[in-house]
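Peer 1: Below is the file data.pdb, which contains PDB, N, CA and C atoms.
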ATOM      1  N   MET A   1      94.961 115.498 113.618
ATOM      2  CA  MET A   1      94.112 115.096 112.524
ATOM      3  C   MET A   1      92.705 114.942 113.085
ATOM      4  N   SER A   2      91.754 115.600 112.489
ATOM      5  CA  SER A   2      90.403 115.552 113.012
ATOM      6  C   SER A   2      89.551 114.575 112.214
ATOM      7  N   HIS A   3      88.705 113.842 112.892
ATOM      8  CA  HIS A   3      87.843 112.872 112.233
ATOM      9  C   HIS A   3      86.731 113.556 111.468
ATOM     10  N   GLY A   4      86.743 113.371 110.152
ATOM     11  CA  GLY A   4      85.662 113.841 109.321
ATOM     12  C   GLY A   4      85.635 115.320 109.005
ATOM     13  N   GLU A   5      86.518 116.084 109.577
ATOM     14  CA  GLU A   5      86.528 117.519 109.289
ATOM     15  C   GLU A   5      87.670 117.841 108.347
ATOM     16  N   ARG A   6      87.407 118.720 107.407
ATOM     17  CA  ARG A   6      88.443 119.151 106.483
ATOM     18  C   ARG A   6      89.351 120.153 107.180
ATOM     19  N   LEU A   7      90.629 119.999 106.953
ATOM     20  CA  LEU A   7      91.600 120.943 107.498
ATOM     21  C   LEU A   7      91.776 122.136 106.567
ATOM     22  N   TYR A   8      91.570 121.913 105.264
ATOM     23  CA  TYR A   8      91.800 122.967 104.275
ATOM     24  C   TYR A   8      90.545 123.172 103.439
ATOM     25  N   THR A   9      90.141 124.411 103.319
ATOM     26  CA  THR A   9      88.918 124.766 102.608
ATOM     27  C   THR A   9      89.251 125.481 101.303
ATOM     28  N   ALA A  10      88.217 125.895 100.601
ATOM     29  CA  ALA A  10      88.409 126.629  99.350
ATOM     30  C   ALA A  10      89.205 127.908  99.583
ATOM     31  N   GLU A  11      89.067 128.491 100.755
ATOM     32  CA  GLU A  11      89.828 129.701 101.082
ATOM     33  C   GLU A  11      91.335 129.446 101.019
ATOM     34  N   HIS A  12      91.748 128.266 101.428
ATOM     35  CA  HIS A  12      93.167 127.919 101.412
ATOM     36  C   HIS A  12      93.725 127.832  99.992
ATOM     37  N   ALA A  13      92.854 127.562  99.025
ATOM     38  CA  ALA A  13      93.294 127.430  97.632
ATOM     39  C   ALA A  13      93.853 128.733  97.077
ATOM     40  N   THR A  14      93.559 129.848  97.724
ATOM     41  CA  THR A  14      94.045 131.145  97.239
ATOM     42  C   THR A  14      95.296 131.614  97.988
ATOM     43  N   ARG A  15      95.751 130.854  98.944
ATOM     44  CA  ARG A  15      96.937 131.234  99.715
ATOM     45  C   ARG A  15      98.210 130.802  99.006
ATOM     46  N   ASP A  16      99.333 131.133  99.625
ATOM     47  CA  ASP A  16     100.627 130.715  99.089
ATOM     48  C   ASP A  16     100.813 129.219  99.296
ATOM     49  N   PRO A  17     101.710 128.609  98.479
ATOM     50  CA  PRO A  17     102.009 127.187  98.666
ATOM     51  C   PRO A  17     102.480 126.925 100.086
ATOM     52  N   PRO A  18     102.138 125.789 100.621
ATOM     53  CA  PRO A  18     101.579 124.577 100.007
ATOM     54  C   PRO A  18     100.058 124.493 100.052
ATOM     55  N   TYR A  19      99.389 125.533 100.517
ATOM     56  CA  TYR A  19      97.957 125.437 100.802
ATOM     57  C   TYR A  19      97.068 125.096  99.604
ATOM     58  N   PRO A  20      97.288 125.642  98.405
ATOM     59  CA  PRO A  20      96.429 125.227  97.295
ATOM     60  C   PRO A  20      96.510 123.727  97.015
ATOM     61  N   LEU A  21      97.712 123.154  97.074
ATOM     62  CA  LEU A  21      97.865 121.717  96.824
ATOM     63  C   LEU A  21      97.248 120.902  97.956
ATOM     64  N   LEU A  22      97.421 121.334  99.190
ATOM     65  CA  LEU A  22      96.827 120.623 100.320
ATOM     66  C   LEU A  22      95.307 120.615 100.202
ATOM     67  N   ALA A  23      94.725 121.752  99.868
ATOM     68  CA  ALA A  23      93.265 121.859  99.738
ATOM     69  C   ALA A  23      92.747 120.984  98.595
ATOM     70  N   ALA A  24      93.433 121.011  97.460
ATOM     71  CA  ALA A  24      93.007 120.211  96.302
ATOM     72  C   ALA A  24      93.124 118.716  96.594
ATOM     73  N   ALA A  25      94.207 118.309  97.235
ATOM     74  CA  ALA A  25      94.401 116.885  97.556
ATOM     75  C   ALA A  25      93.358 116.405  98.558
ATOM     76  N   GLU A  26      93.082 117.213  99.570
ATOM     77  CA  GLU A  26      92.098 116.828 100.581
ATOM     78  C   GLU A  26      90.701 116.746  99.968
ATOM     79  N   ALA A  27      90.399 117.625  99.023
ATOM     80  CA  ALA A  27      89.086 117.631  98.373
ATOM     81  C   ALA A  27      88.959 116.546  97.303
ATOM     82  N   GLY A  28      90.081 115.934  96.922
ATOM     83  CA  GLY A  28      90.049 114.924  95.873
ATOM     84  C   GLY A  28      89.931 115.511  94.485
ATOM     85  N   ASP A  29      90.369 116.752  94.329
ATOM     86  CA  ASP A  29      90.263 117.455  93.052
ATOM     87  C   ASP A  29      91.472 117.102  92.174
ATOM     88  N   LEU A  30      91.350 115.988  91.455
ATOM     89  CA  LEU A  30      92.449 115.475  90.644
ATOM     90  C   LEU A  30      92.898 116.464  89.581
ATOM     91  N   SER A  31      91.975 117.154  88.937
ATOM     92  CA  SER A  31      92.371 118.094  87.883
ATOM     93  C   SER A  31      93.143 119.278  88.463
ATOM     94  N   GLN A  32      92.749 119.750  89.637
ATOM     95  CA  GLN A  32      93.468 120.860  90.273
ATOM     96  C   GLN A  32      94.852 120.400  90.734
ATOM     97  N   VAL A  33      94.940 119.203  91.290
ATOM     98  CA  VAL A  33      96.241 118.655  91.692
ATOM     99  C   VAL A  33      97.144 118.549  90.472
ATOM    100  N   ALA A  34      96.622 118.006  89.380
ATOM    101  CA  ALA A  34      97.410 117.869  88.148
ATOM    102  C   ALA A  34      97.852 119.225  87.615
ATOM    103  N   ASP A  35      96.962 120.209  87.679
ATOM    104  CA  ASP A  35      97.297 121.558  87.216
ATOM    105  C   ASP A  35      98.407 122.175  88.069
ATOM    106  N   LEU A  36      98.306 122.027  89.364
ATOM    107  CA  LEU A  36      99.344 122.568  90.257
ATOM    108  C   LEU A  36     100.690 121.882  90.011
ATOM    109  N   ILE A  37     100.660 120.582  89.794
ATOM    110  CA  ILE A  37     101.893 119.852  89.486
ATOM    111  C   ILE A  37     102.464 120.333  88.161
ATOM    112  N   ALA A  38     101.604 120.532  87.166
ATOM    113  CA  ALA A  38     102.056 121.012  85.856
ATOM    114  C   ALA A  38     102.688 122.397  85.940
ATOM    115  N   HIS A  39     102.277 123.173  86.963
ATOM    116  CA  HIS A  39     102.840 124.502  87.169
ATOM    117  C   HIS A  39     103.962 124.492  88.212
ATOM    118  N   ASN A  40     104.591 123.326  88.342
ATOM    119  CA  ASN A  40     105.803 123.149  89.156
ATOM    120  C   ASN A  40     105.617 123.355  90.656
ATOM    121  N   THR A  41     104.442 123.076  91.167
ATOM    122  CA  THR A  41     104.260 123.100  92.613
ATOM    123  C   THR A  41     105.030 121.926  93.206
ATOM    124  N   ASP A  42     105.782 122.176  94.243
ATOM    125  CA  ASP A  42     106.555 121.133  94.913
ATOM    126  C   ASP A  42     105.595 120.219  95.665
ATOM    127  N   VAL A  43     105.512 118.958  95.243
ATOM    128  CA  VAL A  43     104.572 118.015  95.850
ATOM    129  C   VAL A  43     104.992 117.580  97.249
ATOM    130  N   ASN A  44     106.175 117.956  97.675
ATOM    131  CA  ASN A  44     106.653 117.579  99.000
ATOM    132  C   ASN A  44     106.596 118.708 100.024
ATOM    133  N   LEU A  45     106.036 119.842  99.646
ATOM    134  CA  LEU A  45     105.886 120.927 100.613
ATOM    135  C   LEU A  45     104.937 120.495 101.715
ATOM    136  N   ARG A  46     105.201 120.982 102.907
ATOM    137  CA  ARG A  46     104.355 120.688 104.057
ATOM    138  C   ARG A  46     103.928 121.991 104.715
ATOM    139  N   SER A  47     102.802 121.928 105.379
ATOM    140  CA  SER A  47     102.359 123.077 106.161
ATOM    141  C   SER A  47     103.243 123.162 107.403
ATOM    142  N   PRO A  48     103.224 124.285 108.097
ATOM    143  CA  PRO A  48     104.002 124.388 109.333
ATOM    144  C   PRO A  48     103.628 123.324 110.361
ATOM    145  N   GLU A  49     102.415 122.789 110.262
ATOM    146  CA  GLU A  49     101.964 121.745 111.191
ATOM    147  C   GLU A  49     102.389 120.344 110.748
ATOM    148  N   GLY A  50     103.013 120.233 109.589
ATOM    149  CA  GLY A  50     103.508 118.947 109.106
ATOM    150  C   GLY A  50     102.628 118.213 108.115
ATOM    151  N   TRP A  51     101.544 118.840 107.653
ATOM    152  CA  TRP A  51     100.646 118.189 106.704
ATOM    153  C   TRP A  51     101.204 118.284 105.290
ATOM    154  N   SER A  52     101.036 117.222 104.522
ATOM    155  CA  SER A  52     101.448 117.200 103.124
ATOM    156  C   SER A  52     100.250 116.813 102.256
ATOM    157  N   ALA A  53     100.386 117.008 100.957
ATOM    158  CA  ALA A  53      99.313 116.634 100.036
ATOM    159  C   ALA A  53      99.068 115.134 100.066
ATOM    160  N   VAL A  54     100.124 114.334 100.226
ATOM    161  CA  VAL A  54      99.977 112.885 100.296
ATOM    162  C   VAL A  54      99.127 112.506 101.506
ATOM    163  N   ILE A  55      99.368 113.137 102.629
ATOM    164  CA  ILE A  55      98.572 112.854 103.825
ATOM    165  C   ILE A  55      97.115 113.241 103.592
ATOM    166  N   MET A  56      96.889 114.404 103.003
ATOM    167  CA  MET A  56      95.521 114.867 102.776
ATOM    168  C   MET A  56      94.765 113.902 101.872
ATOM    169  N   ALA A  57      95.398 113.454 100.789
ATOM    170  CA  ALA A  57      94.744 112.518  99.876
ATOM    171  C   ALA A  57      94.501 111.172 100.556
ATOM    172  N   ALA A  58      95.478 110.685 101.312
ATOM    173  CA  ALA A  58      95.362 109.377 101.963
ATOM    174  C   ALA A  58      94.273 109.364 103.025
ATOM    175  N   LYS A  59      94.210 110.417 103.840
ATOM    176  CA  LYS A  59      93.227 110.426 104.924
ATOM    177  C   LYS A  59      91.795 110.522 104.401
ATOM    178  N   GLU A  60      91.635 111.078 103.207
ATOM    179  CA  GLU A  60      90.297 111.205 102.629
ATOM    180  C   GLU A  60      89.951 110.074 101.664
ATOM    181  N   GLY A  61      90.916 109.172 101.399
ATOM    182  CA  GLY A  61      90.648 108.026 100.538
ATOM    183  C   GLY A  61      90.693 108.312  99.057
ATOM    184  N   HIS A  62      91.435 109.327  98.654
ATOM    185  CA  HIS A  62      91.516 109.711  97.242
ATOM    186  C   HIS A  62      92.709 109.018  96.580
ATOM    187  N   GLU A  63      92.503 107.748  96.210
ATOM    188  CA  GLU A  63      93.593 106.937  95.654
ATOM    189  C   GLU A  63      94.155 107.520  94.356
ATOM    190  N   GLU A  64      93.305 108.035  93.468
ATOM    191  CA  GLU A  64      93.796 108.586  92.200
ATOM    192  C   GLU A  64      94.670 109.810  92.439
ATOM    193  N   VAL A  65      94.294 110.641  93.375
ATOM    194  CA  VAL A  65      95.099 111.815  93.722
ATOM    195  C   VAL A  65      96.414 111.357  94.332
ATOM    196  N   LEU A  66      96.342 110.393  95.207
ATOM    197  CA  LEU A  66      97.534 109.831  95.836
ATOM    198  C   LEU A  66      98.490 109.291  94.774
ATOM    199  N   ALA A  67      97.959 108.563  93.808
ATOM    200  CA  ALA A  67      98.781 108.014  92.726
ATOM    201  C   ALA A  67      99.421 109.127  91.894
ATOM    202  N   ARG A  68      98.665 110.176  91.600
ATOM    203  CA  ARG A  68      99.201 111.295  90.810
ATOM    204  C   ARG A  68     100.319 111.991  91.556
ATOM    205  N   LEU A  69     100.146 112.188  92.844
ATOM    206  CA  LEU A  69     101.194 112.815  93.658
ATOM    207  C   LEU A  69     102.449 111.948  93.689
ATOM    208  N   CYS A  70     102.265 110.647  93.844
ATOM    209  CA  CYS A  70     103.418 109.737  93.858
ATOM    210  C   CYS A  70     104.132 109.726  92.507
ATOM    211  N   ASP A  71     103.368 109.738  91.431
ATOM    212  CA  ASP A  71     103.967 109.800  90.093
ATOM    213  C   ASP A  71     104.793 111.070  89.915
ATOM    214  N   ALA A  72     104.409 112.123  90.625
ATOM    215  CA  ALA A  72     105.122 113.408  90.527
ATOM    216  C   ALA A  72     106.291 113.488  91.518
ATOM    217  N   GLY A  73     106.531 112.406  92.257
ATOM    218  CA  GLY A  73     107.689 112.382  93.146
ATOM    219  C   GLY A  73     107.426 112.676  94.606
ATOM    220  N   ALA A  74     106.171 112.622  95.017
ATOM    221  CA  ALA A  74     105.854 112.889  96.422
ATOM    222  C   ALA A  74     106.443 111.803  97.320
ATOM    223  N   ASN A  75     106.983 112.226  98.437
ATOM    224  CA  ASN A  75     107.505 111.290  99.428
ATOM    225  C   ASN A  75     106.348 110.682 100.199
ATOM    226  N   ILE A  76     106.319 109.363 100.261
ATOM    227  CA  ILE A  76     105.262 108.677 101.000
ATOM    228  C   ILE A  76     105.571 108.655 102.486
ATOM    229  N   ASN A  77     106.838 108.490 102.823
ATOM    230  CA  ASN A  77     107.238 108.445 104.226
ATOM    231  C   ASN A  77     107.628 109.833 104.696
ATOM    232  N   PRO A  78     107.316 110.157 105.951
ATOM    233  CA  PRO A  78     107.657 111.489 106.465
ATOM    234  C   PRO A  78     109.168 111.663 106.587
ATOM    235  N   PRO A  79     109.622 112.909 106.537
ATOM    236  CA  PRO A  79     111.060 113.172 106.597
ATOM    237  C   PRO A  79     111.682 112.944 107.975
ATOM    238  N   ASP A  80     110.846 112.850 109.004
ATOM    239  CA  ASP A  80     111.354 112.646 110.360
ATOM    240  C   ASP A  80     110.258 112.024 111.211
ATOM    241  N   ALA A  81     110.610 111.597 112.398
ATOM    242  CA  ALA A  81     109.649 110.917 113.270
ATOM    243  C   ALA A  81     108.655 111.865 113.922
ATOM    244  N   ILE A  82     108.855 113.153 113.775
ATOM    245  CA  ILE A  82     107.959 114.136 114.382
ATOM    246  C   ILE A  82     106.795 114.462 113.452
ATOM    247  N   THR A  83     107.030 114.348 112.160
ATOM    248  CA  THR A  83     106.048 114.747 111.153
ATOM    249  C   THR A  83     104.971 113.676 110.970
ATOM    250  N   HIS A  84     103.784 114.087 110.607
ATOM    251  CA  HIS A  84     102.666 113.178 110.344
ATOM    252  C   HIS A  84     103.000 112.252 109.176
ATOM    253  N   SER A  85     102.339 111.097 109.119
ATOM    254  CA  SER A  85     102.562 110.172 108.016
ATOM    255  C   SER A  85     101.262 109.873 107.287
ATOM    256  N   ALA A  86     101.388 109.613 105.994
ATOM    257  CA  ALA A  86     100.225 109.316 105.167
ATOM    258  C   ALA A  86      99.586 107.990 105.567
ATOM    259  N   ILE A  87     100.413 106.995 105.876
ATOM    260  CA  ILE A  87      99.845 105.688 106.214
ATOM    261  C   ILE A  87      99.049 105.758 107.515
ATOM    262  N   ARG A  88      99.497 106.556 108.445
ATOM    263  CA  ARG A  88      98.748 106.733 109.696
ATOM    264  C   ARG A  88      97.408 107.404 109.412
ATOM    265  N   GLY A  89      97.435 108.448 108.586
ATOM    266  CA  GLY A  89      96.189 109.142 108.240
ATOM    267  C   GLY A  89      95.197 108.215 107.561
ATOM    268  N   ALA A  90      95.682 107.420 106.613
ATOM    269  CA  ALA A  90      94.798 106.489 105.910
ATOM    270  C   ALA A  90      94.244 105.440 106.869
ATOM    271  N   ALA A  91      95.082 104.945 107.768
ATOM    272  CA  ALA A  91      94.638 103.916 108.713
ATOM    273  C   ALA A  91      93.622 104.462 109.720
ATOM    274  N   ILE A  92      93.897 105.639 110.262
ATOM    275  CA  ILE A  92      92.982 106.234 111.248
ATOM    276  C   ILE A  92      91.590 106.430 110.663
ATOM    277  N   PHE A  93      91.527 106.831 109.400
ATOM    278  CA  PHE A  93      90.243 107.113 108.775
ATOM    279  C   PHE A  93      89.645 105.903 108.057
ATOM    280  N   GLY A  94      90.306 104.736 108.190
ATOM    281  CA  GLY A  94      89.773 103.515 107.604
ATOM    282  C   GLY A  94      89.814 103.478 106.092
ATOM    283  N   ARG A  95      90.800 104.108 105.505
ATOM    284  CA  ARG A  95      90.920 104.160 104.034
ATOM    285  C   ARG A  95      91.780 102.992 103.555
ATOM    286  N   GLU A  96      91.188 101.798 103.591
ATOM    287  CA  GLU A  96      91.924 100.573 103.289
ATOM    288  C   GLU A  96      92.599 100.615 101.915
ATOM    289  N   VAL A  97      91.908 101.137 100.914
ATOM    290  CA  VAL A  97      92.486 101.180  99.573
ATOM    291  C   VAL A  97      93.759 102.037  99.563
ATOM    292  N   CYS A  98      93.770 103.108 100.335
ATOM    293  CA  CYS A  98      94.958 103.968 100.400
ATOM    294  C   CYS A  98      96.065 103.324 101.229
ATOM    295  N   VAL A  99      95.698 102.613 102.296
ATOM    296  CA  VAL A  99      96.704 101.886 103.069
ATOM    297  C   VAL A  99      97.392 100.874 102.161
ATOM    298  N   ARG A 100      96.609 100.119 101.410
ATOM    299  CA  ARG A 100      97.184  99.118 100.494
ATOM    300  C   ARG A 100      98.070  99.784  99.441
ATOM    301  N   PHE A 101      97.601 100.892  98.887
ATOM    302  CA  PHE A 101      98.391 101.618  97.891
ATOM    303  C   PHE A 101      99.723 102.058  98.492
ATOM    304  N   LEU A 102      99.675 102.648  99.666
ATOM    305  CA  LEU A 102     100.890 103.144 100.312
ATOM    306  C   LEU A 102     101.856 102.007 100.624
ATOM    307  N   LEU A 103     101.349 100.902 101.126
ATOM    308  CA  LEU A 103     102.215  99.757 101.411
ATOM    309  C   LEU A 103     102.850  99.218 100.134
ATOM    310  N   ALA A 104     102.082  99.181  99.052
ATOM    311  CA  ALA A 104     102.605  98.717  97.768
ATOM    312  C   ALA A 104     103.657  99.657  97.199
ATOM    313  N   HIS A 105     103.667 100.895  97.687
ATOM    314  CA  HIS A 105     104.629 101.901  97.214
ATOM    315  C   HIS A 105     105.665 102.243  98.293
ATOM    316  N   SER A 106     105.966 101.262  99.124
ATOM    317  CA  SER A 106     107.059 101.332 100.101
ATOM    318  C   SER A 106     106.831 102.238 101.302
ATOM    319  N   ALA A 107     105.587 102.456 101.665
ATOM    320  CA  ALA A 107     105.343 103.202 102.907
ATOM    321  C   ALA A 107     105.794 102.334 104.072
ATOM    322  N   ASP A 108     106.413 102.959 105.036
ATOM    323  CA  ASP A 108     106.893 102.257 106.213
ATOM    324  C   ASP A 108     105.783 102.218 107.265
ATOM    325  N   PRO A 109     105.192 101.037 107.521
ATOM    326  CA  PRO A 109     104.094 100.969 108.487
ATOM    327  C   PRO A 109     104.558 101.127 109.930
ATOM    328  N   ASN A 110     105.864 101.100 110.161
ATOM    329  CA  ASN A 110     106.391 101.202 111.517
ATOM    330  C   ASN A 110     106.859 102.602 111.886
ATOM    331  N   VAL A 111     106.737 103.534 110.973
ATOM    332  CA  VAL A 111     107.182 104.889 111.251
ATOM    333  C   VAL A 111     106.276 105.522 112.312
ATOM    334  N   THR A 112     106.875 106.212 113.241
ATOM    335  CA  THR A 112     106.065 106.896 114.248
ATOM    336  C   THR A 112     105.629 108.243 113.707
ATOM    337  N   SER A 113     104.545 108.718 114.216
ATOM    338  CA  SER A 113     103.993 109.979 113.725
ATOM    339  C   SER A 113     103.338 110.697 114.876
TER     340      SER A 113
END
Output the file's structure in the form of C-alpha cells.

Peer 2:
Amino acid sequence: MSHGERLYTAEHATRDPPYPLLAAAEAGDLSQVADLIAHNTDVNLRSPEGWSAVIMAAKEGHEEVLARLCDAGANINPPDAITHSAIRGAAIFGREVCVRFLLAHSADPNVTS
C-alpha cells in the first residue's frame, strides 16, 4: 500500500472486474460504485495482489462508498491472514472515520495483514 498514491487510475475502469470497482471505490465515485453494484458486480472480488473495493474506499477515507459496499454485502474482514485488510488500510492512512465505521461493522482489529 503506497502512501498518497492511487493504485488504480481511470485506465483501470475499462478493464475486466474487479478493476472498475476498485478504481471507483479508490476515487470515491459513489455513483459509479452504485452503478457497478446495480449491474451485479461482485463487491468481494479482489485483485491478484489482494486489494478489494472495501480496502480502496477505507484507505482513501470514503465513508459513503464504504457504507454502500457494506450494504451490498462486501466482506469487511479479509478471507485469510495473507490478504490485505480494510481496517489496516484505514489506520495506516489516518482515516479515523473509516476505522470507526469498520469497527462498528465488526471489523477485526487483530487480523494480520

Peer 1: Rounded to one decimal, what separation in Å do you get between atom N of A:Gly50 and atom N of A:His84?

Peer 2: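 So the answer is 6.3 Å.
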
Peer 1: Translate the PyMOL selection byres (((chain A and resi 102 and name CA) around 9) and name CA) into a concrete residue list for this structure, as a PDB file with N, CA and C atoms, in the frame of the given file.

Peer 2:
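New file selection08.pdb:
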ATOM      1  N   ALA A  58      95.478 110.685 101.312  1.00  0.00           N
ATOM      2  CA  ALA A  58      95.362 109.377 101.963  1.00  0.00           C
ATOM      3  C   ALA A  58      94.273 109.364 103.025  1.00  0.00           C
ATOM      4  N   LEU A  66      96.342 110.393  95.207  1.00  0.00           N
ATOM      5  CA  LEU A  66      97.534 109.831  95.836  1.00  0.00           C
ATOM      6  C   LEU A  66      98.490 109.291  94.774  1.00  0.00           C
ATOM      7  N   ILE A  76     106.319 109.363 100.261  1.00  0.00           N
ATOM      8  CA  ILE A  76     105.262 108.677 101.000  1.00  0.00           C
ATOM      9  C   ILE A  76     105.571 108.655 102.486  1.00  0.00           C
ATOM     10  N   ALA A  86     101.388 109.613 105.994  1.00  0.00           N
ATOM     11  CA  ALA A  86     100.225 109.316 105.167  1.00  0.00           C
ATOM     12  C   ALA A  86      99.586 107.990 105.567  1.00  0.00           C
ATOM     13  N   ILE A  87     100.413 106.995 105.876  1.00  0.00           N
ATOM     14  CA  ILE A  87      99.845 105.688 106.214  1.00  0.00           C
ATOM     15  C   ILE A  87      99.049 105.758 107.515  1.00  0.00           C
ATOM     16  N   ALA A  90      95.682 107.420 106.613  1.00  0.00           N
ATOM     17  CA  ALA A  90      94.798 106.489 105.910  1.00  0.00           C
ATOM     18  C   ALA A  90      94.244 105.440 106.869  1.00  0.00           C
ATOM     19  N   VAL A  97      91.908 101.137 100.914  1.00  0.00           N
ATOM     20  CA  VAL A  97      92.486 101.180  99.573  1.00  0.00           C
ATOM     21  C   VAL A  97      93.759 102.037  99.563  1.00  0.00           C
ATOM     22  N   CYS A  98      93.770 103.108 100.335  1.00  0.00           N
ATOM     23  CA  CYS A  98      94.958 103.968 100.400  1.00  0.00           C
ATOM     24  C   CYS A  98      96.065 103.324 101.229  1.00  0.00           C
ATOM     25  N   VAL A  99      95.698 102.613 102.296  1.00  0.00           N
ATOM     26  CA  VAL A  99      96.704 101.886 103.069  1.00  0.00           C
ATOM     27  C   VAL A  99      97.392 100.874 102.161  1.00  0.00           C
ATOM     28  N   ARG A 100      96.609 100.119 101.410  1.00  0.00           N
ATOM     29  CA  ARG A 100      97.184  99.118 100.494  1.00  0.00           C
ATOM     30  C   ARG A 100      98.070  99.784  99.441  1.00  0.00           C
ATOM     31  N   PHE A 101      97.601 100.892  98.887  1.00  0.00           N
ATOM     32  CA  PHE A 101      98.391 101.618  97.891  1.00  0.00           C
ATOM     33  C   PHE A 101      99.723 102.058  98.492  1.00  0.00           C
ATOM     34  N   LEU A 103     101.349 100.902 101.126  1.00  0.00           N
ATOM     35  CA  LEU A 103     102.215  99.757 101.411  1.00  0.00           C
ATOM     36  C   LEU A 103     102.850  99.218 100.134  1.00  0.00           C
ATOM     37  N   ALA A 104     102.082  99.181  99.052  1.00  0.00           N
ATOM     38  CA  ALA A 104     102.605  98.717  97.768  1.00  0.00           C
ATOM     39  C   ALA A 104     103.657  99.657  97.199  1.00  0.00           C
ATOM     40  N   HIS A 105     103.667 100.895  97.687  1.00  0.00           N
ATOM     41  CA  HIS A 105     104.629 101.901  97.214  1.00  0.00           C
ATOM     42  C   HIS A 105     105.665 102.243  98.293  1.00  0.00           C
ATOM     43  N   SER A 106     105.966 101.262  99.124  1.00  0.00           N
ATOM     44  CA  SER A 106     107.059 101.332 100.101  1.00  0.00           C
ATOM     45  C   SER A 106     106.831 102.238 101.302  1.00  0.00           C
ATOM     46  N   ALA A 107     105.587 102.456 101.665  1.00  0.00           N
ATOM     47  CA  ALA A 107     105.343 103.202 102.907  1.00  0.00           C
ATOM     48  C   ALA A 107     105.794 102.334 104.072  1.00  0.00           C
ATOM     49  N   ASP A 108     106.413 102.959 105.036  1.00  0.00           N
ATOM     50  CA  ASP A 108     106.893 102.257 106.213  1.00  0.00           C
ATOM     51  C   ASP A 108     105.783 102.218 107.265  1.00  0.00           C
TER      52      ASP A 108
END

Peer 1: What does the structure give for the distance between atom N of A:Cys70 and atom CA of A:Ile37, in Å to one decimal?

Peer 2: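 Atom CA of A:Ile37 lies at a distance of 10.2 Å from atom N of A:Cys70.
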
Peer 1: Write out as a list in words the residues lying within 8 Å of A:Gly28, counting only N, CA and C atoms and excluding same-chain residues fewer than 6 positions away.

Peer 2: Leu22, Met56, Ala57, Glu60, Gly61, His62, Glu63, Glu64, Val65 and Leu66 of chain A

Peer 1: To test the calculation: enclose all listed atoms of stretch 94-110 of chain A in a box whose edges run along x, y and z, add 4 Å on each side, then state centre and edge lengths in Å to one decimal, as lines of an AutoDock Vina configuration file.

Peer 2:
center_x = 98.4
center_y = 101.7
center_z = 104.5
size_x = 25.3
size_y = 14.0
size_z = 22.7

Peer 1: Among the residues of chain A, find those DSSP assigns to alpha helix (DSSP H) from the backbone and print them as a VMD selection string.

Peer 2: chain A and resid 19 to 27 30 to 38 53 to 60 63 to 71 86 to 92 96 to 104

Peer 1: Kindly resolve the PyMOL selection byres ((chain A and resi 11-21) around 6.5) on the present coordinates and return the residues as a PDB file with N, CA and C atoms, keeping the file's coordinate frame.

Peer 2:
ATOM      1  N   TYR A   8      91.570 121.913 105.264  1.00  0.00           N
ATOM      2  CA  TYR A   8      91.800 122.967 104.275  1.00  0.00           C
ATOM      3  C   TYR A   8      90.545 123.172 103.439  1.00  0.00           C
ATOM      4  N   THR A   9      90.141 124.411 103.319  1.00  0.00           N
ATOM      5  CA  THR A   9      88.918 124.766 102.608  1.00  0.00           C
ATOM      6  C   THR A   9      89.251 125.481 101.303  1.00  0.00           C
ATOM      7  N   ALA A  10      88.217 125.895 100.601  1.00  0.00           N
ATOM      8  CA  ALA A  10      88.409 126.629  99.350  1.00  0.00           C
ATOM      9  C   ALA A  10      89.205 127.908  99.583  1.00  0.00           C
ATOM     10  N   LEU A  22      97.421 121.334  99.190  1.00  0.00           N
ATOM     11  CA  LEU A  22      96.827 120.623 100.320  1.00  0.00           C
ATOM     12  C   LEU A  22      95.307 120.615 100.202  1.00  0.00           C
ATOM     13  N   ALA A  23      94.725 121.752  99.868  1.00  0.00           N
ATOM     14  CA  ALA A  23      93.265 121.859  99.738  1.00  0.00           C
ATOM     15  C   ALA A  23      92.747 120.984  98.595  1.00  0.00           C
ATOM     16  N   ALA A  24      93.433 121.011  97.460  1.00  0.00           N
ATOM     17  CA  ALA A  24      93.007 120.211  96.302  1.00  0.00           C
ATOM     18  C   ALA A  24      93.124 118.716  96.594  1.00  0.00           C
ATOM     19  N   ALA A  25      94.207 118.309  97.235  1.00  0.00           N
ATOM     20  CA  ALA A  25      94.401 116.885  97.556  1.00  0.00           C
ATOM     21  C   ALA A  25      93.358 116.405  98.558  1.00  0.00           C
ATOM     22  N   GLU A  26      93.082 117.213  99.570  1.00  0.00           N
ATOM     23  CA  GLU A  26      92.098 116.828 100.581  1.00  0.00           C
ATOM     24  C   GLU A  26      90.701 116.746  99.968  1.00  0.00           C
ATOM     25  N   VAL A  33      94.940 119.203  91.290  1.00  0.00           N
ATOM     26  CA  VAL A  33      96.241 118.655  91.692  1.00  0.00           C
ATOM     27  C   VAL A  33      97.144 118.549  90.472  1.00  0.00           C
ATOM     28  N   LEU A  45     106.036 119.842  99.646  1.00  0.00           N
ATOM     29  CA  LEU A  45     105.886 120.927 100.613  1.00  0.00           C
ATOM     30  C   LEU A  45     104.937 120.495 101.715  1.00  0.00           C
ATOM     31  N   ARG A  46     105.201 120.982 102.907  1.00  0.00           N
ATOM     32  CA  ARG A  46     104.355 120.688 104.057  1.00  0.00           C
ATOM     33  C   ARG A  46     103.928 121.991 104.715  1.00  0.00           C
ATOM     34  N   SER A  47     102.802 121.928 105.379  1.00  0.00           N
ATOM     35  CA  SER A  47     102.359 123.077 106.161  1.00  0.00           C
ATOM     36  C   SER A  47     103.243 123.162 107.403  1.00  0.00           C
ATOM     37  N   ALA A  53     100.386 117.008 100.957  1.00  0.00           N
ATOM     38  CA  ALA A  53      99.313 116.634 100.036  1.00  0.00           C
ATOM     39  C   ALA A  53      99.068 115.134 100.066  1.00  0.00           C
TER      40      ALA A  53
END

Peer 1: Figure out the distance between atom CA of A:Trp51 and atom N of A:Gly73, please, to one decimal in Å.

Peer 2: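 It comes out at 16.6 Å.
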
Peer 1: List the neighbours of A:Ser85 out to 6.5 Å using all atoms listed in the file; skip same-chain residues closer than 2 positions along the sequence, and give me the result as a VMD selection string.

Peer 2: chain A and resid 55 76 to 78 83 87 to 90 112 to 113
